[in-house]
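Visitor: My structure file protein36.tsv, TSV, C-alpha atoms, is below:
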```tsv
chain	number	residue	atom	x	y	z
A	26	MET	CA	-23.32	2.14	-54.61
A	27	ASN	CA	-21.51	0.15	-57.23
A	28	GLU	CA	-22.20	-3.55	-57.71
A	29	SER	CA	-19.17	-4.77	-55.73
A	30	LEU	CA	-20.13	-2.76	-52.64
A	31	GLN	CA	-23.72	-3.95	-52.88
A	32	LYS	CA	-22.40	-7.51	-52.94
A	33	VAL	CA	-20.48	-6.93	-49.69
A	34	ALA	CA	-23.55	-5.35	-48.11
A	35	SER	CA	-25.68	-8.31	-49.12
A	36	LEU	CA	-23.16	-10.78	-47.69
A	37	LEU	CA	-23.23	-9.05	-44.31
A	38	ASP	CA	-27.01	-8.64	-44.37
A	39	GLU	CA	-27.48	-12.33	-45.10
A	40	ALA	CA	-25.06	-13.26	-42.30
A	41	ALA	CA	-27.11	-11.16	-39.88
A	42	ARG	CA	-30.38	-12.72	-41.01
A	43	THR	CA	-29.19	-16.33	-41.00
A	44	GLY	CA	-26.81	-16.21	-38.05
A	45	GLN	CA	-24.04	-17.68	-40.22
A	46	PRO	CA	-20.83	-15.60	-40.18
A	47	VAL	CA	-18.99	-14.99	-43.44
A	48	ASP	CA	-15.33	-14.72	-44.40
A	49	PRO	CA	-13.63	-11.33	-44.03
A	50	VAL	CA	-14.75	-8.77	-46.62
A	51	ARG	CA	-11.72	-6.46	-46.49
A	52	ASP	CA	-10.26	-7.74	-49.76
A	53	GLN	CA	-13.44	-6.61	-51.51
A	54	LEU	CA	-13.15	-3.03	-50.22
A	55	THR	CA	-10.64	-0.38	-51.21
A	56	SER	CA	-11.09	2.26	-48.49
A	57	VAL	CA	-12.69	3.11	-45.15
A	58	ALA	CA	-15.05	5.37	-47.10
A	59	ASP	CA	-16.26	2.33	-49.07
A	60	ALA	CA	-16.74	0.40	-45.81
A	61	TYR	CA	-18.94	3.22	-44.45
A	62	ARG	CA	-20.96	3.15	-47.68
A	63	VAL	CA	-21.64	-0.55	-47.08
A	64	GLN	CA	-22.63	0.19	-43.48
A	65	GLN	CA	-24.98	3.00	-44.56
A	66	PHE	CA	-26.55	0.82	-47.24
A	67	ASN	CA	-27.45	-1.89	-44.73
A	68	THR	CA	-28.71	0.69	-42.23
A	69	GLN	CA	-31.02	2.04	-44.91
A	70	ARG	CA	-32.26	-1.50	-45.59
A	71	GLN	CA	-33.44	-1.67	-41.98
A	72	VAL	CA	-35.01	1.77	-42.06
A	73	ASP	CA	-36.84	0.86	-45.27
A	74	ALA	CA	-38.10	-2.27	-43.50
A	75	GLY	CA	-39.64	-0.14	-40.74
A	76	ARG	CA	-36.85	0.01	-38.16
A	77	ARG	CA	-35.82	3.28	-36.50
A	78	VAL	CA	-32.36	4.75	-35.87
A	79	THR	CA	-31.91	5.35	-32.12
A	80	GLY	CA	-28.33	6.65	-32.05
A	81	ARG	CA	-24.71	5.79	-32.68
A	82	LYS	CA	-21.94	3.73	-31.15
A	83	ILE	CA	-18.25	4.54	-31.08
A	84	GLY	CA	-15.66	1.80	-31.47
A	85	LEU	CA	-11.87	1.54	-31.44
A	86	THR	CA	-11.50	3.98	-28.54
A	87	SER	CA	-8.59	2.00	-27.11
A	88	ALA	CA	-5.10	2.91	-28.34
A	89	SER	CA	-4.06	-0.75	-28.24
A	90	VAL	CA	-6.99	-1.85	-30.41
A	91	GLN	CA	-6.32	0.99	-32.88
A	92	GLN	CA	-2.73	-0.16	-33.13
A	93	GLN	CA	-3.86	-3.74	-33.67
A	94	LEU	CA	-6.09	-2.72	-36.59
A	95	GLY	CA	-3.66	-0.19	-38.01
A	96	VAL	CA	-5.77	2.94	-37.53
A	97	ASP	CA	-5.29	6.23	-35.71
A	98	GLN	CA	-8.89	7.14	-34.90
A	99	PRO	CA	-12.12	5.51	-33.71
A	100	ASP	CA	-14.92	4.28	-35.92
A	101	PHE	CA	-18.69	4.47	-35.53
A	102	GLY	CA	-21.81	2.43	-36.18
A	103	THR	CA	-25.56	2.99	-36.11
A	104	LEU	CA	-27.93	1.89	-33.36
A	105	ILE	CA	-31.38	0.60	-34.38
A	106	ASP	CA	-34.44	0.27	-32.15
A	107	SER	CA	-34.34	-3.55	-32.41
A	108	MET	CA	-30.88	-3.52	-30.77
A	109	GLU	CA	-32.02	-2.02	-27.46
A	110	VAL	CA	-32.65	-4.40	-24.57
A	111	CYS	CA	-34.14	-3.49	-21.18
A	112	ASP	CA	-31.98	-3.69	-18.08
A	113	GLY	CA	-32.21	-7.27	-16.81
A	114	GLU	CA	-34.28	-8.55	-19.74
A	115	THR	CA	-33.33	-12.05	-20.85
A	116	ILE	CA	-31.63	-11.98	-24.24
A	117	ALA	CA	-32.49	-14.90	-26.50
A	118	TRP	CA	-29.39	-16.73	-27.72
A	119	PRO	CA	-30.39	-16.70	-31.43
A	120	ARG	CA	-30.16	-12.88	-31.37
A	121	LEU	CA	-26.40	-13.10	-30.83
A	122	MET	CA	-23.45	-13.57	-33.17
A	123	GLN	CA	-20.11	-14.33	-31.50
A	124	ALA	CA	-21.16	-12.07	-28.64
A	125	LYS	CA	-18.89	-10.19	-26.27
A	126	CYS	CA	-19.84	-7.70	-23.54
A	127	GLU	CA	-18.23	-4.39	-22.69
A	128	ALA	CA	-19.21	-1.67	-20.21
A	129	GLU	CA	-19.66	1.87	-21.47
A	130	VAL	CA	-20.95	5.33	-20.67
A	131	ALA	CA	-24.06	6.26	-22.69
A	132	LEU	CA	-25.16	9.82	-23.43
A	133	VAL	CA	-28.74	10.72	-24.37
A	134	LEU	CA	-29.13	13.98	-26.29
A	135	GLU	CA	-31.89	16.56	-25.95
A	136	CYS	CA	-30.74	18.80	-28.83
A	137	ASP	CA	-29.43	18.26	-32.34
A	138	LEU	CA	-25.67	18.56	-32.82
A	139	ASP	CA	-25.70	19.72	-36.42
A	140	GLN	CA	-23.62	22.91	-36.26
A	141	GLU	CA	-20.28	23.22	-37.99
A	142	ASN	CA	-17.20	22.89	-35.80
A	143	VAL	CA	-18.97	21.31	-32.81
A	144	VAL	CA	-17.13	22.18	-29.58
A	145	LEU	CA	-17.27	20.67	-26.11
A	146	SER	CA	-19.67	23.30	-24.78
A	147	ASP	CA	-22.12	22.38	-27.57
A	148	LEU	CA	-21.92	18.72	-26.54
A	149	LEU	CA	-22.42	19.55	-22.85
A	150	ALA	CA	-25.45	21.72	-23.63
A	151	ALA	CA	-26.97	19.06	-25.89
A	152	THR	CA	-26.68	16.17	-23.42
A	153	ALA	CA	-29.84	15.52	-21.43
A	154	TYR	CA	-28.40	12.83	-19.17
A	155	VAL	CA	-25.97	9.95	-18.84
A	156	LEU	CA	-26.56	6.23	-18.21
A	157	PRO	CA	-24.44	3.15	-17.59
A	158	ALA	CA	-24.56	0.74	-20.53
A	159	ILE	CA	-23.47	-2.70	-21.59
A	160	GLU	CA	-22.84	-3.10	-25.29
A	161	VAL	CA	-23.20	-6.66	-26.55
A	162	VAL	CA	-20.92	-6.48	-29.55
A	163	GLY	CA	-21.10	-9.07	-32.29
A	164	SER	CA	-19.46	-9.85	-35.58
A	165	ARG	CA	-20.86	-11.15	-38.84
A	166	ILE	CA	-17.24	-11.99	-39.74
A	167	ALA	CA	-16.23	-15.55	-38.87
A	168	ASN	CA	-13.98	-15.98	-35.81
A	169	TRP	CA	-13.71	-12.21	-35.29
A	170	ASP	CA	-11.06	-12.17	-38.04
A	171	ILE	CA	-11.46	-8.43	-38.60
A	172	GLY	CA	-9.49	-5.51	-39.88
A	173	ILE	CA	-10.68	-1.91	-39.96
A	174	LEU	CA	-12.55	-2.37	-43.26
A	175	ASP	CA	-14.38	-5.44	-41.95
A	176	THR	CA	-15.58	-3.85	-38.73
A	177	VAL	CA	-16.64	-0.56	-40.32
A	178	ALA	CA	-18.61	-2.33	-43.05
A	179	ASP	CA	-20.14	-4.56	-40.35
A	180	ASN	CA	-21.64	-1.56	-38.55
A	181	ALA	CA	-18.66	-1.26	-36.18
A	182	SER	CA	-19.41	-4.80	-34.95
A	183	ALA	CA	-22.65	-3.62	-33.32
A	184	GLY	CA	-24.96	-6.16	-31.76
A	185	LEU	CA	-27.28	-5.18	-28.90
A	186	TYR	CA	-27.13	-2.63	-26.11
A	187	VAL	CA	-28.56	-2.42	-22.61
A	188	LEU	CA	-29.08	0.90	-20.82
A	189	GLY	CA	-29.34	1.51	-17.09
A	190	GLN	CA	-32.54	3.05	-15.77
A	191	ARG	CA	-31.34	5.92	-13.56
A	192	PRO	CA	-30.54	9.07	-15.58
A	193	VAL	CA	-27.74	11.23	-14.16
A	194	LYS	CA	-26.89	14.80	-15.15
A	195	LEU	CA	-23.41	15.42	-16.52
A	196	ASN	CA	-22.67	18.16	-14.00
A	197	ASP	CA	-22.93	15.57	-11.20
A	198	LEU	CA	-20.17	13.40	-12.67
A	199	ASP	CA	-16.43	13.17	-13.19
A	200	LEU	CA	-16.49	10.71	-16.06
A	201	ARG	CA	-12.73	10.72	-16.61
A	202	LEU	CA	-12.07	9.27	-13.16
A	203	ALA	CA	-15.22	7.12	-12.94
A	204	GLY	CA	-14.19	3.56	-12.13
A	205	MET	CA	-15.90	0.55	-13.73
A	206	VAL	CA	-16.15	-3.08	-12.75
A	207	MET	CA	-18.10	-5.69	-14.73
A	208	GLU	CA	-18.98	-9.01	-13.14
A	209	ARG	CA	-20.16	-12.29	-14.63
A	210	GLN	CA	-22.24	-14.32	-12.18
A	211	GLY	CA	-20.79	-12.15	-9.43
A	212	GLU	CA	-17.14	-12.66	-10.42
A	213	PRO	CA	-15.23	-9.58	-11.60
A	214	VAL	CA	-14.13	-10.05	-15.23
A	215	SER	CA	-13.39	-6.54	-16.49
A	216	PHE	CA	-12.10	-3.38	-14.86
A	217	GLY	CA	-11.65	0.10	-16.27
A	218	VAL	CA	-12.04	3.83	-15.91
A	219	GLY	CA	-13.44	6.68	-17.98
A	220	ALA	CA	-9.98	7.82	-18.98
A	221	ALA	CA	-9.53	4.56	-20.91
A	222	CYS	CA	-11.99	5.87	-23.51
A	223	LEU	CA	-9.90	8.33	-25.56
A	224	GLY	CA	-8.86	10.00	-22.32
A	225	HIS	CA	-12.48	10.89	-21.46
A	226	PRO	CA	-15.84	9.57	-22.76
A	227	LEU	CA	-16.74	13.10	-23.85
A	228	ASN	CA	-13.66	13.19	-26.09
A	229	ALA	CA	-15.09	10.20	-27.92
A	230	ALA	CA	-18.54	11.76	-28.18
A	231	LEU	CA	-17.08	15.02	-29.49
A	232	TRP	CA	-15.09	13.14	-32.15
A	233	LEU	CA	-18.31	11.39	-33.19
A	234	ALA	CA	-20.34	14.59	-33.36
A	235	ARG	CA	-17.77	16.21	-35.64
A	236	ALA	CA	-17.43	13.12	-37.84
A	237	LEU	CA	-21.19	12.89	-38.33
A	238	VAL	CA	-21.56	16.57	-39.20
A	239	SER	CA	-18.84	16.07	-41.81
A	240	SER	CA	-20.69	13.07	-43.25
A	241	GLY	CA	-24.01	14.93	-43.42
A	242	THR	CA	-25.71	12.69	-40.85
A	243	PRO	CA	-25.49	14.66	-37.57
A	244	LEU	CA	-26.59	13.50	-34.15
A	245	ARG	CA	-30.20	14.37	-33.35
A	246	ALA	CA	-32.22	15.04	-30.22
A	247	GLY	CA	-33.12	11.75	-28.54
A	248	ASP	CA	-30.10	9.89	-29.90
A	249	VAL	CA	-28.24	7.47	-27.67
A	250	VAL	CA	-24.45	7.67	-27.93
A	251	LEU	CA	-22.45	4.68	-26.72
A	252	THR	CA	-19.08	6.30	-26.10
A	253	GLY	CA	-16.82	3.23	-26.11
A	254	ALA	CA	-15.50	0.54	-23.82
A	255	LEU	CA	-14.08	1.41	-20.41
A	256	GLY	CA	-12.37	-1.96	-20.07
A	257	PRO	CA	-11.70	-5.23	-21.90
A	258	MET	CA	-14.45	-7.10	-23.76
A	259	VAL	CA	-15.55	-10.42	-22.31
A	260	SER	CA	-16.95	-13.33	-24.34
A	261	VAL	CA	-20.51	-14.42	-23.59
A	262	THR	CA	-21.59	-18.00	-22.91
A	263	PRO	CA	-25.16	-19.31	-22.56
A	264	GLY	CA	-26.77	-18.48	-19.24
A	265	ASP	CA	-24.36	-15.67	-18.38
A	266	ILE	CA	-25.46	-12.69	-16.31
A	267	PHE	CA	-23.25	-9.61	-16.57
A	268	GLU	CA	-23.54	-6.63	-14.26
A	269	ALA	CA	-21.53	-3.46	-14.84
A	270	ARG	CA	-21.15	-0.78	-12.19
A	271	ILE	CA	-19.77	2.64	-13.09
A	272	GLU	CA	-18.94	5.12	-10.35
A	273	GLY	CA	-21.58	7.83	-10.15
A	274	LEU	CA	-23.88	6.10	-12.64
A	275	GLY	CA	-25.02	2.95	-10.86
A	276	SER	CA	-25.38	-0.43	-12.52
A	277	VAL	CA	-26.82	-2.21	-15.52
A	278	ARG	CA	-27.32	-5.93	-16.25
A	279	ALA	CA	-27.23	-8.02	-19.41
A	280	CYS	CA	-28.81	-11.48	-18.97
A	281	PHE	CA	-28.54	-14.29	-21.53
A	282	ASP	CA	-30.66	-17.39	-21.84
A	283	HIS	CA	-29.34	-20.91	-22.29
A	284	ALA	CA	-28.81	-21.91	-25.92
A	285	SER	CA	-31.44	-24.38	-27.04
```
Before anything else, please render the file you have as structure tokens.
Guide:
Amino acid sequence: MNESLQKVASLLDEAARTGQPVDPVRDQLTSVADAYRVQQFNTQRQVDAGRRVTGRKIGLTSASVQQQLGVDQPDFGTLIDSMEVCDGETIAWPRLMQAKCEAEVALVLECDLDQENVVLSDLLAATAYVLPAIEVVGSRIANWDIGILDTVADNASAGLYVLGQRPVKLNDLDLRLAGMVMERQGEPVSFGVGAACLGHPLNAALWLARALVSSGTPLRAGDVVLTGALGPMVSVTPGDIFEARIEGLGSVRACFDHAS
């Protein structure tokens, strides 16, 4: 990467390490391709430091959010082993940056998806099982003042993710019509349905598989794919307990400690 892109990458990396958000970086980037180069550079930093890639996340699956950011397609980020949290495990507050929760459908693959022109039948055959998930998104950009270049460079605003513990086969599900409710301390705070995610969560996963083949970094066996939000994001406050229930998939909980 050139020096200016390395500077952006270092700004975001330092923000992640220190917990201090930075100003938007979009004025220092000229294209979405440059933003993905920044994202890839910081992912490689983590791999070089001994972390392991565990999958990918898809963002901007809502038409309204795409319109807000002036784009006509989703984006993606990389999941790292340090981002995964067990169902019900207490999440330490210092791990978070401007955290928000959203409920999603997660796919876990049993085969690589590295063929040209990936089609739906390839995706179906490659998926081992499905789980409910809560993504704890976060932003290294101050006050969530983001455009498309900011969020892509910032690893699609990835934070942490929590997976449910009961695998379900795809053939037992109708994900398009699967209803979702997410509660905070027992109070419903977000509602949605599978169709809210690009019309079907598998549409989002297929878009991702094709995009990653094109970029030379295809999905691999064992990868987790977070397919995108089924309903609105909800801000997190200290001590919150979120539980998301998705029809046919069961439930998953994200629990947060009290800030010290």
Visitor: Please produce, as a tab-separated table, a per-residue contact table for range 75-98 of chain A versus range 218-241 of chain A (criterion: any atom at most 12 Å away, all atoms listed in the file considered), showing the nearest atom pair and its distance in Å to one decimal, sorted by chain then residue number.
Guide:
```
residue	atom	partner	partner_atom	distance
A:Gly80	CA	A:Leu233	CA	11.1
A:Arg81	CA	A:Leu233	CA	8.5
A:Lys82	CA	A:Leu233	CA	8.7
A:Ile83	CA	A:Leu233	CA	7.2
A:Gly84	CA	A:Ala229	CA	9.1
A:Leu85	CA	A:Cys222	CA	9.0
A:Thr86	CA	A:Cys222	CA	5.4
A:Ser87	CA	A:Cys222	CA	6.3
A:Ala88	CA	A:Leu223	CA	7.8
A:Ser89	CA	A:Ala221	CA	10.6
A:Val90	CA	A:Cys222	CA	11.5
A:Gln91	CA	A:Leu223	CA	11.0
A:Asp97	CA	A:Leu223	CA	11.3
A:Gln98	CA	A:Trp232	CA	9.1
```
Visitor: Please compute the CA of Cys111 in chain A-CA of Gly189 in chain A distance, one decimal, in Å.
Guide: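 Interatomic distance, CA of Cys111 in chain A to CA of Gly189 in chain A: 8.0 Å.
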Visitor: Quick one, how far is CA of Arg270 in chain A from CA of Met207 in chain A?
Guide: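 These two atoms are separated by 6.3 Å.
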Visitor: Taking only C-alpha atoms into account, name the residue in A:Ile105, A:Leu94, A:Leu200, A:Leu244 that is nearest to Val143 in chain A.
Guide: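 Distance minimum relative to Val143 in chain A lands on A:Leu244.
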Visitor: Quick one: of A:Ala60, A:Val250, A:Val47, A:Ala151, who's nearest to Ala181 in chain A, counting all atoms listed in the file?
Guide: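 Among the listed residues, the smallest separation from Ala181 in chain A belongs to A:Ala60.
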Visitor: Where atoms are missing, can you supply N, CA and C atoms for range 244-270 of chain A and output the lot as a PDB file, in the coordinates of the input?
Guide:
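Resulting contents of selection_33.pdb:
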```pdb
ATOM      1  N   LEU A 244     -25.831  14.004 -35.289  1.00  0.00           N
ATOM      2  CA  LEU A 244     -26.590  13.500 -34.150  1.00  0.00           C
ATOM      3  C   LEU A 244     -27.831  14.354 -33.946  1.00  0.00           C
ATOM      4  N   ARG A 245     -28.926  13.692 -33.527  1.00  0.00           N
ATOM      5  CA  ARG A 245     -30.200  14.370 -33.350  1.00  0.00           C
ATOM      6  C   ARG A 245     -30.702  14.227 -31.915  1.00  0.00           C
ATOM      7  N   ALA A 246     -31.607  15.122 -31.533  1.00  0.00           N
ATOM      8  CA  ALA A 246     -32.220  15.040 -30.220  1.00  0.00           C
ATOM      9  C   ALA A 246     -32.839  13.663 -30.023  1.00  0.00           C
ATOM     10  N   GLY A 247     -32.608  13.087 -28.842  1.00  0.00           N
ATOM     11  CA  GLY A 247     -33.120  11.750 -28.540  1.00  0.00           C
ATOM     12  C   GLY A 247     -32.146  10.637 -28.826  1.00  0.00           C
ATOM     13  N   ASP A 248     -31.080  10.936 -29.572  1.00  0.00           N
ATOM     14  CA  ASP A 248     -30.100   9.890 -29.900  1.00  0.00           C
ATOM     15  C   ASP A 248     -29.377   9.401 -28.653  1.00  0.00           C
ATOM     16  N   VAL A 249     -29.132   8.101 -28.638  1.00  0.00           N
ATOM     17  CA  VAL A 249     -28.240   7.470 -27.670  1.00  0.00           C
ATOM     18  C   VAL A 249     -26.848   7.424 -28.279  1.00  0.00           C
ATOM     19  N   VAL A 250     -25.840   7.774 -27.481  1.00  0.00           N
ATOM     20  CA  VAL A 250     -24.450   7.670 -27.930  1.00  0.00           C
ATOM     21  C   VAL A 250     -23.717   6.741 -26.976  1.00  0.00           C
ATOM     22  N   LEU A 251     -23.305   5.590 -27.486  1.00  0.00           N
ATOM     23  CA  LEU A 251     -22.450   4.680 -26.720  1.00  0.00           C
ATOM     24  C   LEU A 251     -21.016   5.115 -26.967  1.00  0.00           C
ATOM     25  N   THR A 252     -20.332   5.587 -25.917  1.00  0.00           N
ATOM     26  CA  THR A 252     -19.080   6.300 -26.100  1.00  0.00           C
ATOM     27  C   THR A 252     -17.845   5.423 -26.217  1.00  0.00           C
ATOM     28  N   GLY A 253     -17.970   4.114 -25.956  1.00  0.00           N
ATOM     29  CA  GLY A 253     -16.820   3.230 -26.110  1.00  0.00           C
ATOM     30  C   GLY A 253     -16.470   2.517 -24.813  1.00  0.00           C
ATOM     31  N   ALA A 254     -15.776   1.417 -24.953  1.00  0.00           N
ATOM     32  CA  ALA A 254     -15.500   0.540 -23.820  1.00  0.00           C
ATOM     33  C   ALA A 254     -14.595   1.198 -22.792  1.00  0.00           C
ATOM     34  N   LEU A 255     -14.910   0.949 -21.519  1.00  0.00           N
ATOM     35  CA  LEU A 255     -14.080   1.410 -20.410  1.00  0.00           C
ATOM     36  C   LEU A 255     -13.077   0.353 -19.969  1.00  0.00           C
ATOM     37  N   GLY A 256     -13.259  -0.860 -20.433  1.00  0.00           N
ATOM     38  CA  GLY A 256     -12.370  -1.960 -20.070  1.00  0.00           C
ATOM     39  C   GLY A 256     -12.456  -3.063 -21.115  1.00  0.00           C
ATOM     40  N   PRO A 257     -11.742  -4.151 -20.916  1.00  0.00           N
ATOM     41  CA  PRO A 257     -11.700  -5.230 -21.900  1.00  0.00           C
ATOM     42  C   PRO A 257     -13.063  -5.874 -22.156  1.00  0.00           C
ATOM     43  N   MET A 258     -13.269  -6.306 -23.402  1.00  0.00           N
ATOM     44  CA  MET A 258     -14.450  -7.100 -23.760  1.00  0.00           C
ATOM     45  C   MET A 258     -14.339  -8.479 -23.138  1.00  0.00           C
ATOM     46  N   VAL A 259     -15.504  -9.074 -22.875  1.00  0.00           N
ATOM     47  CA  VAL A 259     -15.550 -10.420 -22.310  1.00  0.00           C
ATOM     48  C   VAL A 259     -16.518 -11.255 -23.132  1.00  0.00           C
ATOM     49  N   SER A 260     -16.095 -12.450 -23.536  1.00  0.00           N
ATOM     50  CA  SER A 260     -16.950 -13.330 -24.340  1.00  0.00           C
ATOM     51  C   SER A 260     -18.152 -13.808 -23.526  1.00  0.00           C
ATOM     52  N   VAL A 261     -19.263 -13.997 -24.218  1.00  0.00           N
ATOM     53  CA  VAL A 261     -20.510 -14.420 -23.590  1.00  0.00           C
ATOM     54  C   VAL A 261     -20.730 -15.904 -23.831  1.00  0.00           C
ATOM     55  N   THR A 262     -21.182 -16.603 -22.788  1.00  0.00           N
ATOM     56  CA  THR A 262     -21.590 -18.000 -22.910  1.00  0.00           C
ATOM     57  C   THR A 262     -23.039 -18.128 -22.463  1.00  0.00           C
ATOM     58  N   PRO A 263     -23.742 -19.168 -22.912  1.00  0.00           N
ATOM     59  CA  PRO A 263     -25.160 -19.310 -22.560  1.00  0.00           C
ATOM     60  C   PRO A 263     -25.380 -19.290 -21.054  1.00  0.00           C
ATOM     61  N   GLY A 264     -26.412 -18.569 -20.646  1.00  0.00           N
ATOM     62  CA  GLY A 264     -26.770 -18.480 -19.240  1.00  0.00           C
ATOM     63  C   GLY A 264     -26.030 -17.413 -18.459  1.00  0.00           C
ATOM     64  N   ASP A 265     -25.121 -16.696 -19.085  1.00  0.00           N
ATOM     65  CA  ASP A 265     -24.360 -15.670 -18.380  1.00  0.00           C
ATOM     66  C   ASP A 265     -25.258 -14.520 -17.918  1.00  0.00           C
ATOM     67  N   ILE A 266     -24.879 -13.939 -16.786  1.00  0.00           N
ATOM     68  CA  ILE A 266     -25.460 -12.690 -16.310  1.00  0.00           C
ATOM     69  C   ILE A 266     -24.317 -11.727 -16.026  1.00  0.00           C
ATOM     70  N   PHE A 267     -24.268 -10.637 -16.762  1.00  0.00           N
ATOM     71  CA  PHE A 267     -23.250  -9.610 -16.570  1.00  0.00           C
ATOM     72  C   PHE A 267     -23.872  -8.423 -15.846  1.00  0.00           C
ATOM     73  N   GLU A 268     -23.135  -7.876 -14.907  1.00  0.00           N
ATOM     74  CA  GLU A 268     -23.540  -6.630 -14.260  1.00  0.00           C
ATOM     75  C   GLU A 268     -22.348  -5.679 -14.264  1.00  0.00           C
ATOM     76  N   ALA A 269     -22.574  -4.491 -14.812  1.00  0.00           N
ATOM     77  CA  ALA A 269     -21.530  -3.460 -14.840  1.00  0.00           C
ATOM     78  C   ALA A 269     -21.924  -2.346 -13.893  1.00  0.00           C
ATOM     79  N   ARG A 270     -20.952  -1.917 -13.092  1.00  0.00           N
ATOM     80  CA  ARG A 270     -21.150  -0.780 -12.190  1.00  0.00           C
ATOM     81  C   ARG A 270     -20.129   0.294 -12.543  1.00  0.00           C
TER      82      ARG A 270
END
```
